[in-house]
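Structure data (compact mmCIF, C-alpha atoms and all ligand atoms) from model04.txt:
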# COMPACT_ATOMS: atom_id res chain seq x y z
CA CYS O 1 8.71 -8.14 0.79
CA VAL O 2 6.31 -5.34 0.13
CA ILE O 3 6.26 -3.17 3.22
CA THR O 4 3.96 -0.19 3.67
CA TYR O 5 1.98 1.86 6.10
CA PRO O 6 -1.65 0.82 5.41
CA LYS O 7 -3.34 2.62 2.50
CA ALA O 8 -0.12 3.80 0.92
CA GLY O 9 -0.60 1.60 -2.15
CA THR O 10 0.20 -1.85 -0.77
CA THR O 11 -2.11 -3.91 -2.96
CA TRP O 12 -1.07 -2.05 -6.08
CA THR O 13 2.64 -2.56 -5.33
CA GLN O 14 2.08 -6.25 -4.51
CA GLU O 15 0.33 -6.89 -7.80
CA ILE O 16 3.08 -5.14 -9.77
CA VAL O 17 5.87 -6.93 -7.90
CA TRP O 18 4.20 -10.31 -8.33
CA LEU O 19 3.71 -9.80 -12.06
CA VAL O 20 7.24 -8.50 -12.53
CA CYS O 21 8.53 -11.69 -10.89
CA ASN O 22 6.14 -14.00 -12.75
CA GLU O 23 6.64 -13.03 -16.38
CA ALA O 24 3.56 -10.81 -16.43
CA ASP O 25 1.28 -13.84 -16.00
CA THR O 26 -1.96 -11.86 -15.76
CA GLU O 27 -4.04 -15.02 -16.27
CA MET O 28 -2.68 -16.53 -13.04
CA ALA O 29 -3.06 -13.15 -11.32
CA LYS O 30 -6.72 -13.03 -12.32
CA THR O 31 -7.50 -16.53 -11.11
CA THR O 32 -5.63 -16.67 -7.78
CA ASN O 33 -6.36 -14.28 -4.95
CA LEU O 34 -3.53 -11.86 -4.29
CA GLU O 35 -3.49 -12.80 -0.56
CA ASP O 36 -2.74 -16.41 -1.55
CA ARG O 37 0.05 -15.37 -3.91
CA PHE O 38 1.35 -12.67 -1.57
CA PRO O 39 0.28 -13.38 2.05
CA CYS O 40 0.42 -10.88 4.86
CA LEU O 41 2.93 -11.75 7.57
CA GLU O 42 0.87 -10.61 10.54
CA LEU O 43 -2.63 -11.69 9.51
CA PRO O 44 -4.00 -15.13 10.40
CA VAL O 45 -5.40 -15.78 6.92
CA PRO O 46 -3.85 -17.21 4.78
CA GLY O 47 -1.18 -16.95 7.43
CA ILE O 48 2.43 -17.49 8.21
CA LYS O 49 2.10 -21.25 7.55
CA THR O 50 1.33 -20.47 3.93
CA ILE O 51 4.38 -18.25 3.77
CA ALA O 52 6.54 -20.97 5.33
CA LYS O 53 5.34 -23.47 2.73
CA SER O 54 5.81 -21.19 -0.28
CA PRO O 55 8.71 -21.97 -2.60
CA SER O 56 11.52 -19.44 -2.79
CA PRO O 57 11.49 -16.68 -3.79
CA ARG O 58 8.33 -16.14 -1.76
CA PHE O 59 6.24 -13.02 -1.59
CA ILE O 60 5.47 -11.42 1.75
CA LYS O 61 3.43 -8.35 2.57
CA THR O 62 3.66 -6.58 5.91
CA HIS O 63 2.64 -3.32 7.51
CA LEU O 64 4.84 -3.91 10.55
CA PRO O 65 6.87 -0.87 11.55
CA HIS O 66 10.61 -1.12 11.12
CA GLY O 67 11.31 -1.80 14.80
CA VAL O 68 9.19 -4.94 14.89
CA CYS O 69 9.89 -6.34 11.43
CA PRO O 70 11.70 -9.68 11.67
CA PRO O 71 15.45 -8.92 11.51
CA ASP O 72 15.90 -11.83 9.08
CA ILE O 73 14.35 -9.61 6.41
CA TRP O 74 17.61 -7.66 6.51
CA ARG O 75 19.96 -10.47 7.51
CA LYS O 76 18.94 -12.97 4.84
CA GLY O 77 19.03 -10.65 1.88
CA ALA O 78 15.31 -10.32 1.18
CA LYS O 79 14.43 -7.67 -1.37
CA VAL O 80 12.20 -5.02 0.19
CA VAL O 81 9.98 -2.65 -1.74
CA TYR O 82 8.70 0.06 0.59
CA THR O 83 5.90 2.14 -0.85
CA THR O 84 4.79 5.35 0.79
CA ARG O 85 2.24 8.06 0.00
CA ASN O 86 1.59 11.59 1.15
CA PRO O 87 0.15 11.52 4.69
CA LYS O 88 -2.90 13.63 3.84
CA ASP O 89 -4.18 11.13 1.26
CA VAL O 90 -3.10 8.21 3.48
CA SER O 91 -5.14 9.56 6.39
CA VAL O 92 -8.26 9.97 4.25
CA SER O 93 -7.88 6.45 2.90
CA VAL O 94 -7.30 5.02 6.42
CA TYR O 95 -10.38 6.88 7.65
CA HIS O 96 -12.59 5.26 5.00
CA PHE O 97 -10.95 1.90 5.62
CA LEU O 98 -11.67 1.98 9.36
CA ARG O 99 -15.30 2.68 8.48
CA LEU O 100 -15.27 -0.25 6.06
CA LEU O 101 -13.85 -2.80 8.51
CA THR O 102 -16.48 -4.58 10.59
CA ALA O 103 -13.92 -5.13 13.37
CA THR O 104 -13.15 -1.43 13.84
CA ASN O 105 -16.62 -0.23 12.91
CA PHE O 106 -15.53 3.42 13.05
CA LYS O 107 -18.54 5.67 12.74
CA GLY O 108 -17.06 9.09 13.43
CA THR O 109 -16.47 12.01 11.09
CA PHE O 110 -13.12 12.78 9.49
CA SER O 111 -12.63 15.55 12.08
CA GLN O 112 -13.09 13.00 14.85
CA PHE O 113 -10.66 10.64 13.16
CA PHE O 114 -7.97 13.18 12.32
CA PRO O 115 -6.50 13.61 15.85
CA LEU O 116 -6.03 9.83 16.09
CA PHE O 117 -3.94 9.92 12.94
CA ALA O 118 -2.03 13.07 13.89
CA ASP O 119 -1.42 11.71 17.42
CA LYS O 120 0.02 8.70 15.65
CA TRP O 121 -2.29 6.07 17.10
CA ALA O 122 -4.70 5.37 14.25
CA ILE O 123 -3.35 2.06 12.92
CA TYR O 124 0.04 0.27 13.04
CA GLY O 125 1.46 3.09 15.16
CA GLY O 126 2.28 6.42 13.60
CA PHE O 127 2.65 7.12 9.92
CA TRP O 128 5.64 9.42 10.37
CA TYR O 129 7.85 7.04 12.31
CA HIS O 130 6.82 4.15 10.07
CA VAL O 131 8.13 5.91 6.99
CA LEU O 132 11.19 7.25 8.74
CA GLY O 133 12.28 3.82 9.99
CA PHE O 134 12.56 2.52 6.42
CA TRP O 135 13.64 5.81 4.83
CA LYS O 136 16.77 5.75 6.97
CA ARG O 137 17.78 2.51 5.20
CA ARG O 138 16.96 3.79 1.72
CA ASP O 139 20.55 3.69 0.49
CA GLU O 140 21.01 0.02 1.32
CA PRO O 141 21.03 -2.35 -1.67
CA ASN O 142 18.05 -4.45 -0.53
CA ILE O 143 15.43 -1.76 -0.25
CA LEU O 144 13.64 0.20 -2.95
CA PHE O 145 11.65 3.23 -1.90
CA MET O 146 8.60 3.93 -4.07
CA THR O 147 5.84 6.50 -3.78
CA TYR O 148 2.19 6.15 -4.68
CA GLU O 149 2.44 9.47 -6.49
CA GLU O 150 5.28 8.39 -8.79
CA MET O 151 3.41 5.14 -9.53
CA LEU O 152 0.30 7.07 -10.53
CA GLN O 153 2.16 9.70 -12.51
CA ASP O 154 3.97 7.21 -14.74
CA THR O 155 3.03 3.59 -14.08
CA PRO O 156 5.20 2.01 -16.84
CA LYS O 157 8.23 3.91 -15.50
CA ALA O 158 7.47 2.67 -11.96
CA ILE O 159 7.15 -0.91 -13.25
CA ARG O 160 10.53 -0.64 -15.00
CA LYS O 161 12.11 0.77 -11.83
CA ILE O 162 10.78 -2.15 -9.76
CA ALA O 163 11.85 -4.66 -12.42
CA SER O 164 15.35 -3.24 -12.58
CA TYR O 165 15.67 -3.42 -8.77
CA LEU O 166 14.43 -7.03 -8.78
CA GLU O 167 16.79 -7.81 -11.68
CA LYS O 168 14.01 -8.89 -14.02
CA ASP O 169 14.12 -8.19 -17.73
CA LEU O 170 10.74 -7.20 -19.10
CA THR O 171 9.81 -6.61 -22.72
CA ASP O 172 7.93 -3.45 -23.63
CA GLU O 173 4.89 -5.64 -24.21
CA GLN O 174 5.14 -7.12 -20.69
CA VAL O 175 5.42 -3.64 -19.18
CA ARG O 176 2.36 -2.56 -21.13
CA LYS O 177 0.47 -5.66 -20.04
CA ILE O 178 1.32 -5.14 -16.35
CA ALA O 179 0.46 -1.43 -16.51
CA PHE O 180 -2.94 -2.21 -18.01
CA HIS O 181 -3.70 -5.04 -15.57
CA CYS O 182 -2.65 -2.81 -12.64
CA SER O 183 -4.56 0.31 -13.69
CA PHE O 184 -7.05 1.46 -11.09
CA ASP O 185 -10.15 0.49 -13.09
CA GLN O 186 -8.82 -2.97 -13.90
CA MET O 187 -7.84 -3.69 -10.31
CA LYS O 188 -11.10 -2.32 -8.98
CA ASN O 189 -13.00 -4.79 -11.13
CA ASN O 190 -10.66 -7.73 -10.51
CA PRO O 191 -11.94 -9.93 -7.64
CA SER O 192 -8.49 -11.50 -7.24
CA ALA O 193 -7.02 -8.10 -6.43
CA ASN O 194 -9.83 -6.00 -4.96
CA MET O 195 -10.35 -8.22 -1.90
CA SER O 196 -14.10 -8.26 -2.43
CA TRP O 197 -14.15 -11.70 -0.77
CA MET O 198 -13.78 -9.77 2.46
CA GLN O 199 -17.21 -8.32 1.84
CA GLU O 200 -18.67 -11.78 1.25
CA THR O 201 -17.14 -13.09 4.49
CA GLY O 202 -18.28 -10.12 6.57
CA VAL O 203 -14.82 -8.68 7.22
CA TRP O 204 -16.09 -5.57 5.46
CA LYS O 205 -19.41 -3.82 5.87
CA ASN O 206 -21.71 -4.05 2.90
CA ASN O 207 -23.06 -0.52 3.06
CA GLU O 208 -19.61 1.08 3.21
CA PHE O 209 -18.39 -1.22 0.46
CA THR O 210 -21.28 -0.30 -1.80
CA ASN O 211 -21.22 3.41 -1.02
CA ASN O 212 -17.48 3.96 -1.01
CA GLY O 213 -16.06 1.40 -3.41
CA GLY O 214 -14.34 -0.94 -0.94
CA LEU O 215 -10.56 -1.14 -0.99
CA MET O 216 -10.34 0.46 -4.44
CA ARG O 217 -12.07 3.64 -3.36
CA LYS O 218 -10.83 6.54 -5.52
CA GLY O 219 -7.22 5.88 -6.44
CA LYS O 220 -6.26 9.55 -6.78
CA VAL O 221 -3.68 12.01 -5.53
CA GLY O 222 -5.27 14.99 -3.78
CA ASP O 223 -8.56 13.58 -2.45
CA TRP O 224 -7.45 14.99 0.93
CA ARG O 225 -8.66 18.38 -0.36
CA ASN O 226 -12.22 17.06 -0.09
CA HIS O 227 -11.76 16.23 3.62
CA TYR O 228 -9.13 18.47 5.18
CA THR O 229 -9.60 21.83 6.89
CA GLN O 230 -6.84 24.43 6.74
CA VAL O 231 -5.97 23.74 10.39
CA GLN O 232 -5.66 19.98 9.80
CA SER O 233 -3.50 20.57 6.75
CA GLU O 234 -1.20 22.85 8.74
CA GLU O 235 -0.94 20.22 11.48
CA VAL O 236 0.32 17.64 8.97
CA ASP O 237 2.72 20.20 7.52
CA ARG O 238 4.05 20.83 11.03
CA LEU O 239 4.57 17.12 11.71
CA ASN O 240 6.35 16.76 8.37
CA ARG O 241 8.59 19.71 9.20
CA GLU O 242 9.46 18.32 12.61
CA ILE O 243 9.87 14.64 11.82
CA LEU O 244 10.61 14.09 8.14
CA GLU O 245 12.14 17.22 6.65
CA PRO O 246 15.29 17.00 8.81
CA HIS O 247 15.83 13.69 6.98
CA ASP O 248 15.19 15.18 3.52
CA LEU O 249 11.89 13.41 3.05
CA SER O 250 9.00 15.32 1.50
CA PHE O 251 5.82 14.37 -0.33
CA VAL O 252 3.78 15.32 -3.40
CA TYR O 253 0.20 16.43 -2.62
CA ASP O 254 -1.18 17.07 -6.11
CA LEU O 255 -0.35 15.77 -9.56
P1 LIG O 301 -7.96 5.48 -1.81
O1 LIG O 301 -8.69 5.05 -0.58
O2 LIG O 301 -7.38 6.86 -1.70
O3 LIG O 301 -8.78 5.32 -3.06
P2 LIG O 301 -3.63 -0.27 0.28
O4 LIG O 301 -3.55 -1.26 -0.82
O5 LIG O 301 -2.31 0.09 0.89
O6 LIG O 301 -4.67 -0.67 1.28
O7 LIG O 301 -4.09 1.10 -0.36
C1 LIG O 301 -5.39 1.32 -0.82
C2 LIG O 301 -5.37 2.63 -1.58
O8 LIG O 301 -4.67 2.44 -2.82
C3 LIG O 301 -6.77 3.10 -1.95
O9 LIG O 301 -6.69 4.53 -1.99
C4 LIG O 301 -6.93 2.47 -3.33
O10 LIG O 301 -7.93 3.06 -4.11
C5 LIG O 301 -5.54 2.72 -3.91
N1 LIG O 301 -5.23 1.84 -5.03
C6 LIG O 301 -5.30 0.50 -5.05
N2 LIG O 301 -5.00 0.03 -6.29
C7 LIG O 301 -4.73 1.11 -7.04
C8 LIG O 301 -4.35 1.29 -8.42
N3 LIG O 301 -4.22 0.25 -9.22
N4 LIG O 301 -4.16 2.54 -8.86
C9 LIG O 301 -4.30 3.61 -8.05
N5 LIG O 301 -4.67 3.51 -6.73
C10 LIG O 301 -4.87 2.28 -6.24

What do you get writing this file as structure tokens?
Amino acid sequence: CVITYPKAGTTWTQEIVWLVCNEADTEMAKTTNLEDRFPCLELPVPGIKTIAKSPSPRFIKTHLPHGVCPPDIWRKGAKVVYTTRNPKDVSVSVYHFLRLLTATNFKGTFSQFFPLFADKWAIYGGFWYHVLGFWKRRDEPNILFMTYEEMLQDTPKAIRKIASYLEKDLTDEQVRKIAFHCSFDQMKNNPSANMSWMQETGVWKNNEFTNNGGLMRKGKVGDWRNHYTQVQSEEVDRLNREILEPHDLSFVYDL
């Protein structure tokens, strides 16, 4: 199970996990949509029926917060990879995503969006409690905590870490192949991974997709500096201090 707060690097982690578990079969990854290989638990398409029919070990993505995740995830020995990302970059990415989605059709500015995120109501509940719920289980054997920043800083190292956790032996060539296939530019131009079909079906708005690059928007650490005011930045720092730092969780904001 790949579990994340939205925009923390879900798609990227899914593609790496799937390739690690499927002998770096990039041909299959390029020809089958990621949602079909790695369906989302709470979305109707392709849906829970697809998950139920998948042969074991099956691949499940979810953004559900810890408190509402099915307890069987923990009881039946599923392997969880939880990826998180610094909340300033997450909020910027969520903001652009809510503009992209036809269903939410958000038209406000980042300053209008920011209080929704900081008040912890933007999407899937609050970022801070989402991370904390899983972070508290980080020492259990069936969860691996990853960060977007460590994946970007050294992708081959992150791939090896995931492979070791999933008990998969990869050759250096397979690691290189996965790292190349999962680089930002490759995934941005890969219709099986970039979810561009959502544009074709109207789930996403064409103008936002064209202007802002769709799901694969920038793929950087530190884009928050182009959106945040000093006051907003201090507000996130305060929330981190209050909620996460007592639990020894901190983030990287620049690489
Ligand atoms: P940005 O909006 O900051 O560009 P999710 O998959 O959880 O929805 O996350 C989407 C975010 O991850 C987007 O961030 C997207 O660009 C980034 N992303 C997706 N694939 C990536 C990759 N291969 N390398 C780096 N960033 C990636």

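Using all atoms listed in the file, the smallest distance between any of O:Glu15, O:Ala163, O:Ala24, O:Cys1 and Asp72 of chain O comes from O:Cys1.
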
Output the neighbourhood of ligand LIG 301 (chain O) as a PyMOL selection string, that is, all protein and nucleic acid residues with some atom at most 9 Å from the ligand, counting all atoms listed in the file.
chain O and resi 4-15+63+83-84+89-97+148+151-152+155+179+181-188+193-194+212-224

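For Arg138 of chain O, the non-local neighbours within 12 Å, defined as residues at least 4 positions apart in the same chain or in other chains and counting all atoms listed in the file, are O:Val80, O:Val81, O:Tyr82, O:Thr83, O:Val131, O:Leu132, O:Gly133, O:Phe134, O:Asn142, O:Ile143, O:Leu144, O:Phe145, O:Met146, O:His247, O:Asp248, O:Leu249.
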
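The set of protein, DNA and RNA residues with any counted atom at most 10 Å from (-18.3, 2.4, 7.1) (only C-alpha atoms) reads Tyr95, His96, Phe97, Leu98, Arg99, Leu100, Leu101, Thr102, Thr104, Asn105, Phe106, Lys107, Gly108, Trp204, Lys205, Asn206, Asn207, Glu208, Phe209, Thr210, Asn211, Asn212 and Gly214 of chain O.
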
Selection export as a PDB file, keeping the file's coordinate frame, atoms kept: C-alpha atoms:
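Done, and the output landed in part_33.pdb:
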ATOM      1  CA  TYR O  95     -10.380   6.880   7.650  1.00  0.00           C
ATOM      2  CA  HIS O  96     -12.590   5.260   5.000  1.00  0.00           C
ATOM      3  CA  PHE O  97     -10.950   1.900   5.620  1.00  0.00           C
ATOM      4  CA  LEU O  98     -11.670   1.980   9.360  1.00  0.00           C
ATOM      5  CA  ARG O  99     -15.300   2.680   8.480  1.00  0.00           C
ATOM      6  CA  LEU O 100     -15.270  -0.250   6.060  1.00  0.00           C
ATOM      7  CA  LEU O 101     -13.850  -2.800   8.510  1.00  0.00           C
ATOM      8  CA  THR O 102     -16.480  -4.580  10.590  1.00  0.00           C
ATOM      9  CA  THR O 104     -13.150  -1.430  13.840  1.00  0.00           C
ATOM     10  CA  ASN O 105     -16.620  -0.230  12.910  1.00  0.00           C
ATOM     11  CA  PHE O 106     -15.530   3.420  13.050  1.00  0.00           C
ATOM     12  CA  LYS O 107     -18.540   5.670  12.740  1.00  0.00           C
ATOM     13  CA  GLY O 108     -17.060   9.090  13.430  1.00  0.00           C
ATOM     14  CA  TRP O 204     -16.090  -5.570   5.460  1.00  0.00           C
ATOM     15  CA  LYS O 205     -19.410  -3.820   5.870  1.00  0.00           C
ATOM     16  CA  ASN O 206     -21.710  -4.050   2.900  1.00  0.00           C
ATOM     17  CA  ASN O 207     -23.060  -0.520   3.060  1.00  0.00           C
ATOM     18  CA  GLU O 208     -19.610   1.080   3.210  1.00  0.00           C
ATOM     19  CA  PHE O 209     -18.390  -1.220   0.460  1.00  0.00           C
ATOM     20  CA  THR O 210     -21.280  -0.300  -1.800  1.00  0.00           C
ATOM     21  CA  ASN O 211     -21.220   3.410  -1.020  1.00  0.00           C
ATOM     22  CA  ASN O 212     -17.480   3.960  -1.010  1.00  0.00           C
ATOM     23  CA  GLY O 214     -14.340  -0.940  -0.940  1.00  0.00           C
TER      24      GLY O 214
END

Go through O:Glu149, O:Gly47, O:Glu23, O:Tyr124 and flag the residue nearest Gly67 of chain O, using all atoms listed in the file for the distances.
O:Tyr124

Shell of 9 Å around segment 51-60 of chain O, all atoms listed in the file, local chain residues under 2 positions omitted, as a short mmCIF file (atom, residue, chain, number, x, y, z; two decimals) with C-alpha atoms, keeping the file's coordinate frame:
data_model
loop_
_atom_site.label_atom_id
_atom_site.label_comp_id
_atom_site.auth_asym_id
_atom_site.auth_seq_id
_atom_site.Cartn_x
_atom_site.Cartn_y
_atom_site.Cartn_z
CA CYS O 1 8.71 -8.14 0.79
CA VAL O 2 6.31 -5.34 0.13
CA ILE O 3 6.26 -3.17 3.22
CA GLN O 14 2.08 -6.25 -4.51
CA VAL O 17 5.87 -6.93 -7.90
CA TRP O 18 4.20 -10.31 -8.33
CA ARG O 37 0.05 -15.37 -3.91
CA PHE O 38 1.35 -12.67 -1.57
CA PRO O 39 0.28 -13.38 2.05
CA CYS O 40 0.42 -10.88 4.86
CA LEU O 41 2.93 -11.75 7.57
CA PRO O 46 -3.85 -17.21 4.78
CA GLY O 47 -1.18 -16.95 7.43
CA ILE O 48 2.43 -17.49 8.21
CA LYS O 49 2.10 -21.25 7.55
CA THR O 62 3.66 -6.58 5.91
CA ALA O 78 15.31 -10.32 1.18
#

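A straight line drawn from atom CA of Glu27 of chain O to atom CA of Val45 of chain O is 23.2 Å long.
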
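You can rank O:Cys21, O:Leu239, O:Ile159, O:Leu34 by their closest distance to Met195 of chain O using all atoms listed in the file, and at the top of that list sits O:Leu34.
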
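Distance annotation: of O:Trp74, O:Trp135, O:Phe110, O:Phe117, the residue with the minimal separation from His227 of chain O is O:Phe110; atom set is all atoms listed in the file.
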
Quick one: residues within 10 Å of Lys168 of chain O, all atoms listed in the file counted, chain neighbours fewer than 3 positions away excluded, as number ranges by chain?
O: 20-23, 160, 162-165, 171

Since we have the selection now, will you write its residues out, keeping C-alpha atoms, as a PDB file, in the coordinates of the input?
ATOM      1  CA  VAL O  20       7.240  -8.500 -12.530  1.00  0.00           C
ATOM      2  CA  CYS O  21       8.530 -11.690 -10.890  1.00  0.00           C
ATOM      3  CA  ASN O  22       6.140 -14.000 -12.750  1.00  0.00           C
ATOM      4  CA  GLU O  23       6.640 -13.030 -16.380  1.00  0.00           C
ATOM      5  CA  ARG O 160      10.530  -0.640 -15.000  1.00  0.00           C
ATOM      6  CA  ILE O 162      10.780  -2.150  -9.760  1.00  0.00           C
ATOM      7  CA  ALA O 163      11.850  -4.660 -12.420  1.00  0.00           C
ATOM      8  CA  SER O 164      15.350  -3.240 -12.580  1.00  0.00           C
ATOM      9  CA  TYR O 165      15.670  -3.420  -8.770  1.00  0.00           C
ATOM     10  CA  THR O 171       9.810  -6.610 -22.720  1.00  0.00           C
TER      11      THR O 171
END
